[in-house]
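Dumped protein.cif below, it's mmCIF, C-alpha atoms:
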```cif
data_input
loop_
_atom_site.label_atom_id
_atom_site.label_comp_id
_atom_site.auth_asym_id
_atom_site.auth_seq_id
_atom_site.Cartn_x
_atom_site.Cartn_y
_atom_site.Cartn_z
CA MET A 14 -23.00 -18.52 5.25
CA ARG A 15 -25.25 -21.24 6.68
CA ILE A 16 -22.13 -23.13 7.72
CA GLY A 17 -20.90 -20.04 9.56
CA LEU A 18 -24.18 -19.54 11.41
CA LEU A 19 -24.35 -23.20 12.39
CA SER A 20 -20.77 -23.12 13.65
CA PHE A 21 -21.46 -19.98 15.68
CA CYS A 22 -24.51 -21.59 17.30
CA LEU A 23 -22.50 -24.69 18.18
CA LEU A 24 -19.69 -22.65 19.66
CA PHE A 25 -22.14 -20.52 21.64
CA SER A 26 -23.75 -23.67 23.01
CA PHE A 27 -20.36 -24.98 24.09
CA GLY A 28 -19.73 -21.75 25.93
CA LEU A 29 -22.83 -22.30 28.05
CA LEU A 30 -21.64 -25.65 29.33
CA LYS A 31 -20.53 -25.78 32.98
CA ALA A 32 -17.64 -28.21 32.95
CA GLN A 33 -16.55 -29.76 36.21
CA ALA A 34 -12.79 -29.55 35.62
CA GLY A 35 -11.32 -26.66 37.60
CA TYR A 36 -8.23 -26.16 35.46
CA GLN A 37 -7.02 -22.65 34.70
CA PRO A 38 -4.30 -21.94 32.14
CA PRO A 39 -0.93 -21.54 33.89
CA PHE A 40 -0.39 -17.98 32.65
CA PRO A 41 -2.68 -15.56 30.83
CA TYR A 42 -0.54 -15.28 27.70
CA GLU A 43 1.00 -17.56 25.08
CA ILE A 44 3.10 -17.02 21.98
CA GLY A 45 3.72 -19.66 19.40
CA LEU A 46 4.45 -20.90 15.90
CA GLN A 47 2.41 -23.13 13.62
CA ILE A 48 3.16 -25.23 10.56
CA GLY A 49 0.82 -27.19 8.37
CA THR A 50 -0.93 -27.55 5.04
CA SER A 51 -3.40 -25.48 3.05
CA GLN A 52 -6.02 -26.54 0.51
CA PHE A 53 -7.98 -24.35 -1.90
CA LEU A 54 -11.72 -24.93 -2.43
CA GLY A 55 -13.05 -23.15 -5.50
CA ASP A 56 -13.59 -23.36 -9.25
CA LEU A 57 -10.14 -24.81 -9.92
CA GLY A 58 -8.79 -27.98 -8.38
CA GLY A 59 -10.62 -30.35 -6.09
CA GLN A 60 -12.00 -33.76 -6.90
CA SER A 61 -13.21 -34.65 -10.38
CA GLU A 62 -16.81 -34.50 -9.21
CA ALA A 63 -17.37 -30.78 -8.81
CA GLY A 64 -19.21 -29.52 -5.76
CA ARG A 65 -17.99 -31.86 -3.04
CA PRO A 66 -18.08 -30.00 0.26
CA PHE A 67 -15.14 -29.05 2.49
CA ILE A 68 -12.54 -31.76 3.16
CA ARG A 69 -14.21 -34.19 0.74
CA ASP A 70 -13.09 -31.88 -2.08
CA THR A 71 -9.43 -32.17 -1.10
CA ASP A 72 -7.01 -32.78 -3.94
CA LEU A 73 -3.80 -34.20 -2.48
CA LYS A 74 -1.72 -32.95 -5.41
CA ALA A 75 -2.82 -29.36 -4.73
CA ILE A 76 -1.94 -29.30 -1.01
CA ARG A 77 0.48 -26.49 -0.19
CA PRO A 78 2.41 -25.38 2.94
CA LEU A 79 1.58 -22.90 5.70
CA ILE A 80 3.74 -21.26 8.35
CA GLY A 81 2.66 -18.70 10.91
CA ALA A 82 2.88 -17.12 14.34
CA PHE A 83 0.19 -16.47 16.91
CA GLY A 84 -0.55 -15.10 20.34
CA ARG A 85 -3.25 -16.27 22.73
CA TRP A 86 -4.83 -14.59 25.76
CA ASN A 87 -6.25 -17.16 28.19
CA ILE A 88 -9.19 -15.30 29.70
CA GLY A 89 -10.28 -18.20 31.89
CA PRO A 90 -10.92 -21.95 31.92
CA TYR A 91 -13.39 -21.87 29.03
CA PHE A 92 -12.51 -18.81 26.94
CA SER A 93 -9.47 -17.55 25.04
CA ALA A 94 -8.79 -14.85 22.47
CA ARG A 95 -6.06 -15.04 19.88
CA ALA A 96 -4.38 -13.29 16.97
CA ASP A 97 -2.75 -15.08 14.02
CA LEU A 98 -0.32 -14.02 11.28
CA ASN A 99 0.22 -16.58 8.50
CA TYR A 100 1.86 -17.11 5.15
CA LEU A 101 0.42 -19.86 2.98
CA GLN A 102 0.10 -20.96 -0.62
CA LEU A 103 -2.98 -21.96 -2.60
CA ALA A 104 -3.15 -23.74 -5.94
CA GLY A 105 -5.56 -25.40 -8.35
CA ASP A 106 -5.20 -27.06 -11.73
CA ASP A 107 -7.82 -28.38 -14.13
CA ALA A 108 -5.29 -30.94 -15.37
CA LEU A 109 -5.82 -32.77 -12.08
CA ALA A 110 -9.53 -33.27 -12.77
CA GLY A 111 -8.92 -36.63 -14.43
CA SER A 112 -6.68 -38.63 -16.73
CA GLY A 113 -7.11 -40.28 -20.09
CA PHE A 114 -8.94 -37.31 -21.63
CA SER A 115 -8.29 -35.65 -24.97
CA GLY A 116 -9.09 -32.07 -25.88
CA GLU A 117 -10.20 -33.16 -29.34
CA THR A 118 -12.50 -35.93 -28.12
CA ARG A 119 -15.48 -34.87 -26.06
CA SER A 120 -16.51 -36.97 -23.06
CA GLU A 121 -19.77 -36.89 -21.13
CA ASP A 122 -17.79 -37.23 -17.90
CA GLN A 123 -18.18 -33.94 -15.99
CA ALA A 124 -14.47 -34.01 -15.25
CA TRP A 125 -13.76 -33.64 -18.97
CA TYR A 126 -15.22 -30.14 -19.02
CA ARG A 127 -12.83 -29.10 -16.25
CA TYR A 128 -9.99 -30.76 -18.10
CA TYR A 129 -10.93 -28.98 -21.34
CA ARG A 130 -11.11 -25.61 -19.59
CA ASN A 131 -7.39 -26.16 -18.89
CA LEU A 132 -7.00 -23.36 -16.35
CA SER A 133 -4.62 -23.31 -13.40
CA PHE A 134 -3.37 -20.91 -10.75
CA ARG A 135 -1.16 -20.44 -7.74
CA SER A 136 -1.23 -17.71 -5.12
CA HIS A 137 0.94 -16.58 -2.25
CA VAL A 138 -1.37 -15.56 0.61
CA PHE A 139 -0.65 -13.39 3.63
CA GLU A 140 -3.35 -13.27 6.29
CA ALA A 141 -4.06 -11.83 9.73
CA SER A 142 -6.98 -12.70 11.99
CA ILE A 143 -8.43 -12.47 15.47
CA ALA A 144 -10.72 -15.11 16.94
CA GLY A 145 -12.43 -16.24 20.11
CA GLU A 146 -12.00 -19.77 21.39
CA LEU A 147 -14.56 -21.66 23.46
CA ILE A 148 -13.39 -24.66 25.50
CA PRO A 149 -16.27 -26.89 26.61
CA TYR A 150 -14.20 -29.11 28.90
CA ASN A 151 -10.67 -29.51 30.24
CA PHE A 152 -9.53 -33.09 30.78
CA GLU A 153 -6.92 -33.11 33.55
CA LEU A 154 -4.22 -35.79 33.39
CA GLY A 155 -1.85 -36.63 36.20
CA GLY A 156 -1.46 -34.48 39.30
CA GLY A 157 0.87 -32.15 41.09
CA TYR A 158 2.21 -28.75 40.14
CA GLN A 159 5.19 -30.10 38.19
CA SER A 160 3.70 -33.17 36.51
CA TYR A 161 0.12 -32.46 35.46
CA SER A 162 -1.06 -32.01 31.87
CA VAL A 163 -4.42 -31.06 30.37
CA ILE A 164 -6.27 -31.95 27.15
CA SER A 165 -8.67 -29.22 25.97
CA PRO A 166 -10.87 -29.56 22.86
CA TYR A 167 -12.01 -26.18 21.54
CA GLY A 168 -13.93 -24.44 18.80
CA PHE A 169 -13.33 -20.97 17.42
CA ILE A 170 -14.69 -18.28 15.11
CA GLY A 171 -13.28 -14.90 14.18
CA VAL A 172 -12.63 -12.34 11.46
CA GLY A 173 -9.59 -11.89 9.28
CA ILE A 174 -8.07 -10.11 6.32
CA PHE A 175 -5.92 -11.68 3.61
CA HIS A 176 -3.97 -10.61 0.55
CA PHE A 177 -3.66 -12.89 -2.48
CA ASN A 178 -2.42 -12.62 -6.07
CA PRO A 179 -3.46 -15.33 -8.55
CA GLN A 180 -0.83 -16.28 -11.09
CA ALA A 181 -0.60 -18.81 -13.91
CA GLN A 182 2.33 -20.13 -15.86
CA TYR A 183 2.58 -19.19 -19.55
CA ASP A 184 5.59 -19.83 -21.80
CA GLY A 185 7.65 -20.73 -18.76
CA GLN A 186 6.85 -17.51 -16.89
CA TRP A 187 4.50 -16.82 -13.99
CA VAL A 188 1.94 -14.20 -15.02
CA ASP A 189 -0.20 -12.07 -12.70
CA LEU A 190 -3.82 -12.68 -13.71
CA GLN A 191 -5.76 -9.86 -12.06
CA PRO A 192 -4.37 -7.06 -14.31
CA LEU A 193 -5.35 -9.08 -17.41
CA SER A 194 -9.11 -8.85 -16.73
CA THR A 195 -9.56 -12.40 -18.03
CA GLU A 196 -13.34 -12.27 -17.53
CA GLY A 197 -13.72 -8.67 -18.66
CA GLN A 198 -13.44 -7.11 -15.20
CA GLY A 199 -13.40 -3.34 -15.69
CA LEU A 200 -14.00 -3.78 -19.43
CA VAL A 201 -17.53 -5.19 -19.55
CA ASP A 202 -20.51 -3.48 -17.93
CA GLY A 203 -21.39 -5.01 -14.57
CA ARG A 204 -17.99 -6.62 -14.04
CA THR A 205 -15.80 -4.61 -11.69
CA PRO A 206 -12.15 -5.42 -11.01
CA TYR A 207 -11.75 -7.53 -7.90
CA SER A 208 -9.59 -6.47 -4.97
CA LEU A 209 -6.55 -8.54 -4.03
CA THR A 210 -7.18 -7.79 -0.34
CA GLN A 211 -10.32 -9.32 1.16
CA PHE A 212 -11.97 -10.20 4.46
CA ASN A 213 -12.54 -13.76 5.61
CA VAL A 214 -14.17 -15.63 8.49
CA PRO A 215 -11.93 -18.27 10.10
CA LEU A 216 -13.80 -20.99 11.98
CA GLY A 217 -12.99 -24.49 13.05
CA PHE A 218 -11.96 -26.75 15.87
CA GLY A 219 -8.88 -28.12 17.57
CA VAL A 220 -7.44 -30.08 20.47
CA LYS A 221 -4.87 -28.49 22.77
CA TRP A 222 -2.48 -30.37 25.03
CA ASN A 223 -1.02 -28.28 27.84
CA TYR A 224 2.07 -30.36 28.50
CA ASN A 225 3.08 -28.35 31.59
CA ASP A 226 3.19 -24.75 32.81
CA GLN A 227 5.40 -23.69 29.92
CA TRP A 228 4.58 -25.59 26.73
CA ALA A 229 1.49 -26.57 24.77
CA LEU A 230 0.78 -28.38 21.52
CA SER A 231 -2.41 -28.06 19.44
CA PHE A 232 -3.83 -29.81 16.40
CA GLU A 233 -6.28 -27.62 14.46
CA VAL A 234 -8.52 -27.52 11.39
CA ASN A 235 -9.28 -23.96 10.27
CA HIS A 236 -11.75 -23.23 7.47
CA ARG A 237 -11.86 -19.74 5.89
CA LEU A 238 -15.11 -18.47 4.47
CA THR A 239 -14.44 -15.61 2.06
CA PHE A 240 -16.40 -12.91 0.27
CA THR A 241 -14.77 -13.27 -3.14
CA ASP A 242 -15.02 -15.78 -5.98
CA TYR A 243 -11.77 -14.66 -7.57
CA ILE A 244 -8.99 -16.23 -5.49
CA ASP A 245 -8.35 -18.40 -8.57
CA ASP A 246 -9.30 -15.63 -11.08
CA VAL A 247 -12.30 -17.71 -12.22
CA SER A 248 -15.96 -16.90 -11.57
CA VAL A 249 -18.40 -16.30 -14.45
CA ASP A 250 -18.28 -16.88 -18.23
CA TYR A 251 -16.00 -16.35 -21.20
CA VAL A 252 -15.91 -12.96 -22.89
CA ASP A 253 -15.33 -12.05 -26.52
CA PRO A 254 -11.54 -11.70 -27.04
CA GLN A 255 -12.20 -8.52 -29.01
CA VAL A 256 -12.90 -6.84 -25.66
CA PHE A 257 -9.20 -7.13 -24.82
CA TYR A 258 -8.04 -5.70 -28.14
CA ASP A 259 -10.46 -2.79 -27.78
CA ASN A 260 -9.06 -1.80 -24.38
CA PHE A 261 -5.43 -2.95 -24.12
CA ALA A 262 -2.24 -2.51 -26.09
CA PRO A 263 -1.80 -5.35 -28.61
CA GLU A 264 0.76 -7.29 -26.54
CA GLN A 265 -1.30 -7.22 -23.33
CA ALA A 266 -4.51 -7.94 -25.27
CA ALA A 267 -2.95 -11.06 -26.79
CA LEU A 268 -1.79 -12.23 -23.36
CA SER A 269 -5.23 -11.60 -21.83
CA ALA A 270 -6.92 -13.55 -24.62
CA ALA A 271 -4.48 -16.44 -24.24
CA MET A 272 -4.89 -16.65 -20.44
CA ALA A 273 -8.67 -16.30 -20.59
CA ARG A 274 -9.23 -19.23 -22.95
CA ARG A 275 -6.58 -21.91 -22.59
CA SER A 276 -8.49 -24.83 -24.07
CA VAL A 277 -6.81 -24.04 -27.41
CA GLU A 278 -3.58 -25.41 -25.91
CA ILE A 279 -5.02 -28.95 -25.76
CA ASP A 280 -7.38 -28.56 -28.75
CA PRO A 281 -5.40 -26.58 -31.37
CA GLY A 282 -8.04 -27.13 -34.03
CA MET A 283 -10.78 -26.06 -31.60
CA VAL A 284 -12.83 -29.13 -32.48
CA ASN A 285 -14.75 -28.58 -29.26
CA GLY A 286 -14.25 -24.83 -29.21
CA TYR A 287 -17.92 -24.16 -28.58
CA VAL A 288 -17.38 -25.36 -24.99
CA SER A 289 -15.22 -22.30 -24.27
CA ALA A 290 -16.90 -19.85 -26.64
CA PRO A 291 -17.90 -16.34 -25.46
CA GLY A 292 -20.88 -16.55 -23.12
CA GLU A 293 -20.19 -20.15 -22.11
CA GLN A 294 -19.59 -21.01 -18.46
CA ARG A 295 -16.05 -20.49 -17.23
CA GLY A 296 -16.69 -20.63 -13.48
CA ASP A 297 -19.50 -20.89 -10.94
CA PRO A 298 -20.51 -17.50 -9.47
CA LYS A 299 -23.02 -19.01 -7.04
CA ASP A 300 -20.40 -19.97 -4.44
CA ASN A 301 -17.50 -17.91 -3.14
CA ASP A 302 -14.06 -19.45 -2.91
CA SER A 303 -12.77 -20.75 0.40
CA TYR A 304 -9.76 -22.58 1.78
CA TYR A 305 -8.80 -24.53 4.86
CA THR A 306 -5.65 -25.39 6.76
CA ILE A 307 -4.58 -28.25 9.02
CA THR A 308 -1.84 -27.25 11.43
CA LEU A 309 0.25 -28.14 14.44
CA ARG A 310 0.60 -25.20 16.83
CA PHE A 311 3.48 -25.00 19.33
CA SER A 312 3.15 -22.39 22.08
CA TYR A 313 4.98 -21.09 25.14
CA PHE A 314 3.23 -19.71 28.25
CA PHE A 315 4.57 -16.55 29.84
CA ASP A 316 3.54 -14.16 32.60
CA ALA A 317 3.67 -10.63 31.29
CA ASN A 318 3.95 -9.23 34.81
CA SER A 319 7.04 -11.21 35.74
CA LEU A 320 8.42 -11.96 32.26
CA GLY A 321 7.98 -15.70 32.67
CA GLY A 322 8.96 -16.23 36.29
CA GLY A 323 7.24 -16.42 39.63
CA ARG A 324 3.49 -15.82 39.86
CA ARG A 325 1.09 -18.36 38.43
CA TYR A 326 -2.14 -17.25 36.79
CA GLY A 327 -4.32 -20.19 37.85
CA CYS A 328 -4.14 -22.60 40.74
CA PRO A 329 -2.08 -25.79 40.60
CA VAL A 330 -3.93 -29.01 39.91
CA TRP A 331 -3.51 -31.52 42.76
#
```
Take the structure in the file and write it out as structure tokens.
Amino acid sequence: MRIGLLSFCLLFSFGLLKAQAGYQPPFPYEIGLQIGTSQFLGDLGGQSEAGRPFIRDTDLKAIRPLIGAFGRWNIGPYFSARADLNYLQLAGDDALAGSGFSGETRSEDQAWYRYYRNLSFRSHVFEASIAGELIPYNFELGGGYQSYSVISPYGFIGVGIFHFNPQAQYDGQWVDLQPLSTEGQGLVDGRTPYSLTQFNVPLGFGVKWNYNDQWALSFEVNHRLTFTDYIDDVSVDYVDPQVFYDNFAPEQAALSAAMARRSVEIDPGMVNGYVSAPGEQRGDPKDNDSYYTITLRFSYFFDANSLGGGRRYGCPVW
């Protein structure tokens, strides 16, 4: 939350700047497509040293794709509003925490504990958001109505909603994790089932290149703060497997127990079983999950009043 407040203050400060460039967007509206990459930041995945912030926690093997569409309303030289619709994937895997480990041989390396936990997930994510953009300065390049271009750095913050569904692979099949209550959600007092639809706060920065009156290209980094710690189905501690058998049919109870405690797969004799015993730490509830994307955004300007022809929204740059 402190990151969000700091970003808001920075963006607000940018909005107070009085830039000298007199550029106005060519038309008030844009539509576009974006492609890029997504990276999960949570209990699963990331670098072997847990707790690295933001991009420093990027695990290249867990990067997944994003594709989306957006619309932008250019309110003036320094302000825009936009709406985004995206599909992306998120993933994390404890097996990526390090190499050379054995489940039957304990190591004091912190990465070993993540390796021994042996959890993994993937999720298909659909999200929608609205945001305000603040442009502190427009750098005009060239001159003339037909040949000018403009470089515009910007920052943004908004609100969004996203739907996710964590899954893990078991016996060659992808299994939905939320219905299994792997940490006793809905079965243990004080642990309520988590919703698969949540709000988020997108914030970040980008650089936009208005190539001409019709086309623009942007490069953007977009970080999503969320209000859930269960994007990867991991948050608190292990529960007694008997909880599953007391509440589920035998087949589902066995599956819940297997997906909740997967260290047995790399330590069949449970030599170090105390590490994943009931009551031991499974996740870190102090920090909510988040994710970020890096994208290229391609957009087309159009005049809603003339359907793309004739009247210009701003004045030409000479």
Using the chain letters and numbers from this file, what does the PyMOL selection byres ((chain A and resi 240-253) around 9) select? Give the answer as a PDB file with C-alpha atoms, in the coordinates of the input.
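Writing the result to part-v6.pdb gives the following:
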```
ATOM      1  CA  PHE A  53      -7.980 -24.350  -1.900  1.00  0.00           C
ATOM      2  CA  GLY A  55     -13.050 -23.150  -5.500  1.00  0.00           C
ATOM      3  CA  ASP A  56     -13.590 -23.360  -9.250  1.00  0.00           C
ATOM      4  CA  LEU A  57     -10.140 -24.810  -9.920  1.00  0.00           C
ATOM      5  CA  LEU A 103      -2.980 -21.960  -2.600  1.00  0.00           C
ATOM      6  CA  ALA A 104      -3.150 -23.740  -5.940  1.00  0.00           C
ATOM      7  CA  GLY A 105      -5.560 -25.400  -8.350  1.00  0.00           C
ATOM      8  CA  LEU A 132      -7.000 -23.360 -16.350  1.00  0.00           C
ATOM      9  CA  SER A 133      -4.620 -23.310 -13.400  1.00  0.00           C
ATOM     10  CA  PHE A 134      -3.370 -20.910 -10.750  1.00  0.00           C
ATOM     11  CA  ARG A 135      -1.160 -20.440  -7.740  1.00  0.00           C
ATOM     12  CA  SER A 136      -1.230 -17.710  -5.120  1.00  0.00           C
ATOM     13  CA  PHE A 177      -3.660 -12.890  -2.480  1.00  0.00           C
ATOM     14  CA  ASN A 178      -2.420 -12.620  -6.070  1.00  0.00           C
ATOM     15  CA  PRO A 179      -3.460 -15.330  -8.550  1.00  0.00           C
ATOM     16  CA  GLN A 180      -0.830 -16.280 -11.090  1.00  0.00           C
ATOM     17  CA  LEU A 190      -3.820 -12.680 -13.710  1.00  0.00           C
ATOM     18  CA  GLN A 191      -5.760  -9.860 -12.060  1.00  0.00           C
ATOM     19  CA  SER A 194      -9.110  -8.850 -16.730  1.00  0.00           C
ATOM     20  CA  THR A 195      -9.560 -12.400 -18.030  1.00  0.00           C
ATOM     21  CA  GLU A 196     -13.340 -12.270 -17.530  1.00  0.00           C
ATOM     22  CA  GLY A 197     -13.720  -8.670 -18.660  1.00  0.00           C
ATOM     23  CA  VAL A 201     -17.530  -5.190 -19.550  1.00  0.00           C
ATOM     24  CA  TYR A 207     -11.750  -7.530  -7.900  1.00  0.00           C
ATOM     25  CA  SER A 208      -9.590  -6.470  -4.970  1.00  0.00           C
ATOM     26  CA  LEU A 209      -6.550  -8.540  -4.030  1.00  0.00           C
ATOM     27  CA  GLN A 211     -10.320  -9.320   1.160  1.00  0.00           C
ATOM     28  CA  PHE A 212     -11.970 -10.200   4.460  1.00  0.00           C
ATOM     29  CA  ASN A 213     -12.540 -13.760   5.610  1.00  0.00           C
ATOM     30  CA  VAL A 214     -14.170 -15.630   8.490  1.00  0.00           C
ATOM     31  CA  LEU A 238     -15.110 -18.470   4.470  1.00  0.00           C
ATOM     32  CA  THR A 239     -14.440 -15.610   2.060  1.00  0.00           C
ATOM     33  CA  PRO A 254     -11.540 -11.700 -27.040  1.00  0.00           C
ATOM     34  CA  GLN A 255     -12.200  -8.520 -29.010  1.00  0.00           C
ATOM     35  CA  VAL A 256     -12.900  -6.840 -25.660  1.00  0.00           C
ATOM     36  CA  PHE A 257      -9.200  -7.130 -24.820  1.00  0.00           C
ATOM     37  CA  ALA A 270      -6.920 -13.550 -24.620  1.00  0.00           C
ATOM     38  CA  ALA A 273      -8.670 -16.300 -20.590  1.00  0.00           C
ATOM     39  CA  ARG A 274      -9.230 -19.230 -22.950  1.00  0.00           C
ATOM     40  CA  SER A 289     -15.220 -22.300 -24.270  1.00  0.00           C
ATOM     41  CA  ALA A 290     -16.900 -19.850 -26.640  1.00  0.00           C
ATOM     42  CA  PRO A 291     -17.900 -16.340 -25.460  1.00  0.00           C
ATOM     43  CA  GLY A 292     -20.880 -16.550 -23.120  1.00  0.00           C
ATOM     44  CA  GLU A 293     -20.190 -20.150 -22.110  1.00  0.00           C
ATOM     45  CA  GLN A 294     -19.590 -21.010 -18.460  1.00  0.00           C
ATOM     46  CA  ARG A 295     -16.050 -20.490 -17.230  1.00  0.00           C
ATOM     47  CA  GLY A 296     -16.690 -20.630 -13.480  1.00  0.00           C
ATOM     48  CA  ASP A 297     -19.500 -20.890 -10.940  1.00  0.00           C
ATOM     49  CA  PRO A 298     -20.510 -17.500  -9.470  1.00  0.00           C
ATOM     50  CA  LYS A 299     -23.020 -19.010  -7.040  1.00  0.00           C
ATOM     51  CA  ASP A 300     -20.400 -19.970  -4.440  1.00  0.00           C
ATOM     52  CA  ASN A 301     -17.500 -17.910  -3.140  1.00  0.00           C
ATOM     53  CA  ASP A 302     -14.060 -19.450  -2.910  1.00  0.00           C
ATOM     54  CA  SER A 303     -12.770 -20.750   0.400  1.00  0.00           C
TER      55      SER A 303
END
```
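Running the PyMOL selection byres ((chain A and resi 42-46) around 8) on this file leaves Phe40, Pro41, Gln47, Ile48, Ile80, Gly81, Ala82, Phe83, Gly84, Arg85, Trp86, Asn87, Arg310, Phe311, Ser312, Tyr313, Phe314, Phe315, Asp316 and Ala317 of chain A selected.
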Could you please take those selected residues and save C-alpha atoms as a PDB file, in the coordinates of the input?
```
ATOM      1  CA  PHE A  40      -0.390 -17.980  32.650  1.00  0.00           C
ATOM      2  CA  PRO A  41      -2.680 -15.560  30.830  1.00  0.00           C
ATOM      3  CA  GLN A  47       2.410 -23.130  13.620  1.00  0.00           C
ATOM      4  CA  ILE A  48       3.160 -25.230  10.560  1.00  0.00           C
ATOM      5  CA  ILE A  80       3.740 -21.260   8.350  1.00  0.00           C
ATOM      6  CA  GLY A  81       2.660 -18.700  10.910  1.00  0.00           C
ATOM      7  CA  ALA A  82       2.880 -17.120  14.340  1.00  0.00           C
ATOM      8  CA  PHE A  83       0.190 -16.470  16.910  1.00  0.00           C
ATOM      9  CA  GLY A  84      -0.550 -15.100  20.340  1.00  0.00           C
ATOM     10  CA  ARG A  85      -3.250 -16.270  22.730  1.00  0.00           C
ATOM     11  CA  TRP A  86      -4.830 -14.590  25.760  1.00  0.00           C
ATOM     12  CA  ASN A  87      -6.250 -17.160  28.190  1.00  0.00           C
ATOM     13  CA  ARG A 310       0.600 -25.200  16.830  1.00  0.00           C
ATOM     14  CA  PHE A 311       3.480 -25.000  19.330  1.00  0.00           C
ATOM     15  CA  SER A 312       3.150 -22.390  22.080  1.00  0.00           C
ATOM     16  CA  TYR A 313       4.980 -21.090  25.140  1.00  0.00           C
ATOM     17  CA  PHE A 314       3.230 -19.710  28.250  1.00  0.00           C
ATOM     18  CA  PHE A 315       4.570 -16.550  29.840  1.00  0.00           C
ATOM     19  CA  ASP A 316       3.540 -14.160  32.600  1.00  0.00           C
ATOM     20  CA  ALA A 317       3.670 -10.630  31.290  1.00  0.00           C
TER      21      ALA A 317
END
```
Open item on the list: As an exercise, work out the distance from CA of Arg127 in chain A to CA of His236 in chain A in Å and give it to one decimal place.
Closed with: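 For CA of Arg127 in chain A relative to CA of His236 in chain A, the distance reads 24.5 Å.
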Task: Within 6 Å of file point (-10.1, -28.1, -12.9), counting all atoms listed in the file, expressed as a ChimeraX atom specification - done: /A:57-58,106-107,110,127-128
TODO: For CA of Ser115 in chain A and CA of Gln52 in chain A, quote the distance in Å rounded to one decimal.
DONE: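 So the answer is 27.2 Å.
Between Asp189 in chain A and the residues A:His137, A:Arg95, A:Lys221, A:Arg237, the shortest atom-to-atom distance, using all atoms listed in the file, involves A:His137.
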- [ ] Check the smallest atom-to-atom distance from each of A:Glu153, A:Thr71, A:Asn131, A:Trp125 to Ser276 in chain A using all atoms listed in the file, then report the winner.
- [x]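 Ranked by minimum distance to Ser276 in chain A, first place goes to A:Asn131.
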Task: CA of Tyr183 in chain A to CA of Pro263 in chain A, straight-line distance in Å - done: 17.1 Å
Task: Selected residue of minimal separation from Gln227 in chain A among A:Ser51, A:Tyr258, A:Ala108, A:Pro38, counting all atoms listed in the file - done: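 Closest candidate: A:Pro38.
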Task: Given all atoms listed in the file as the counted atoms, nearest of A:Tyr167, A:Tyr91, A:Tyr36, A:Phe218 to Tyr305 in chain A - done: A:Phe218
Open item on the list: Within 12 Å of (-1.7, -33.9, 1.3) (file coordinates; all atoms listed in the file), which protein or nucleic acid residues are there? I'd like them as a PyMOL selection string.
Closed with: chain A and resi 49-53+68+71-78+306-307
Task: Ground truth for the PyMOL selection byres ((chain A and resi 99) around 8), written as a VMD selection string - done: chain A and resid 79 to 82 97 to 98 100 to 101 139 to 141
TODO: Rank nothing, just name the residue among A:Ile279, A:Ile148, A:Ala266, A:Ile143 nearest to Ile170 in chain A, using all atoms listed in the file.
DONE: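 Using all atoms listed in the file, the shortest distance to Ile170 in chain A belongs to A:Ile143.
With only C-alpha atoms as the atoms that count, the residue of A:Tyr304, A:Phe92, A:Trp222, A:Phe261 with the shortest distance to Ser162 in chain A is A:Trp222.
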TODO: Within 10 Å of Thr118 in chain A, counting only C-alpha atoms, which residues show up once you throw out same-chain ones fewer than 6 positions away? Write them as a PyMOL selection string, please.
DONE: chain A and resi 125+129+280+284-285
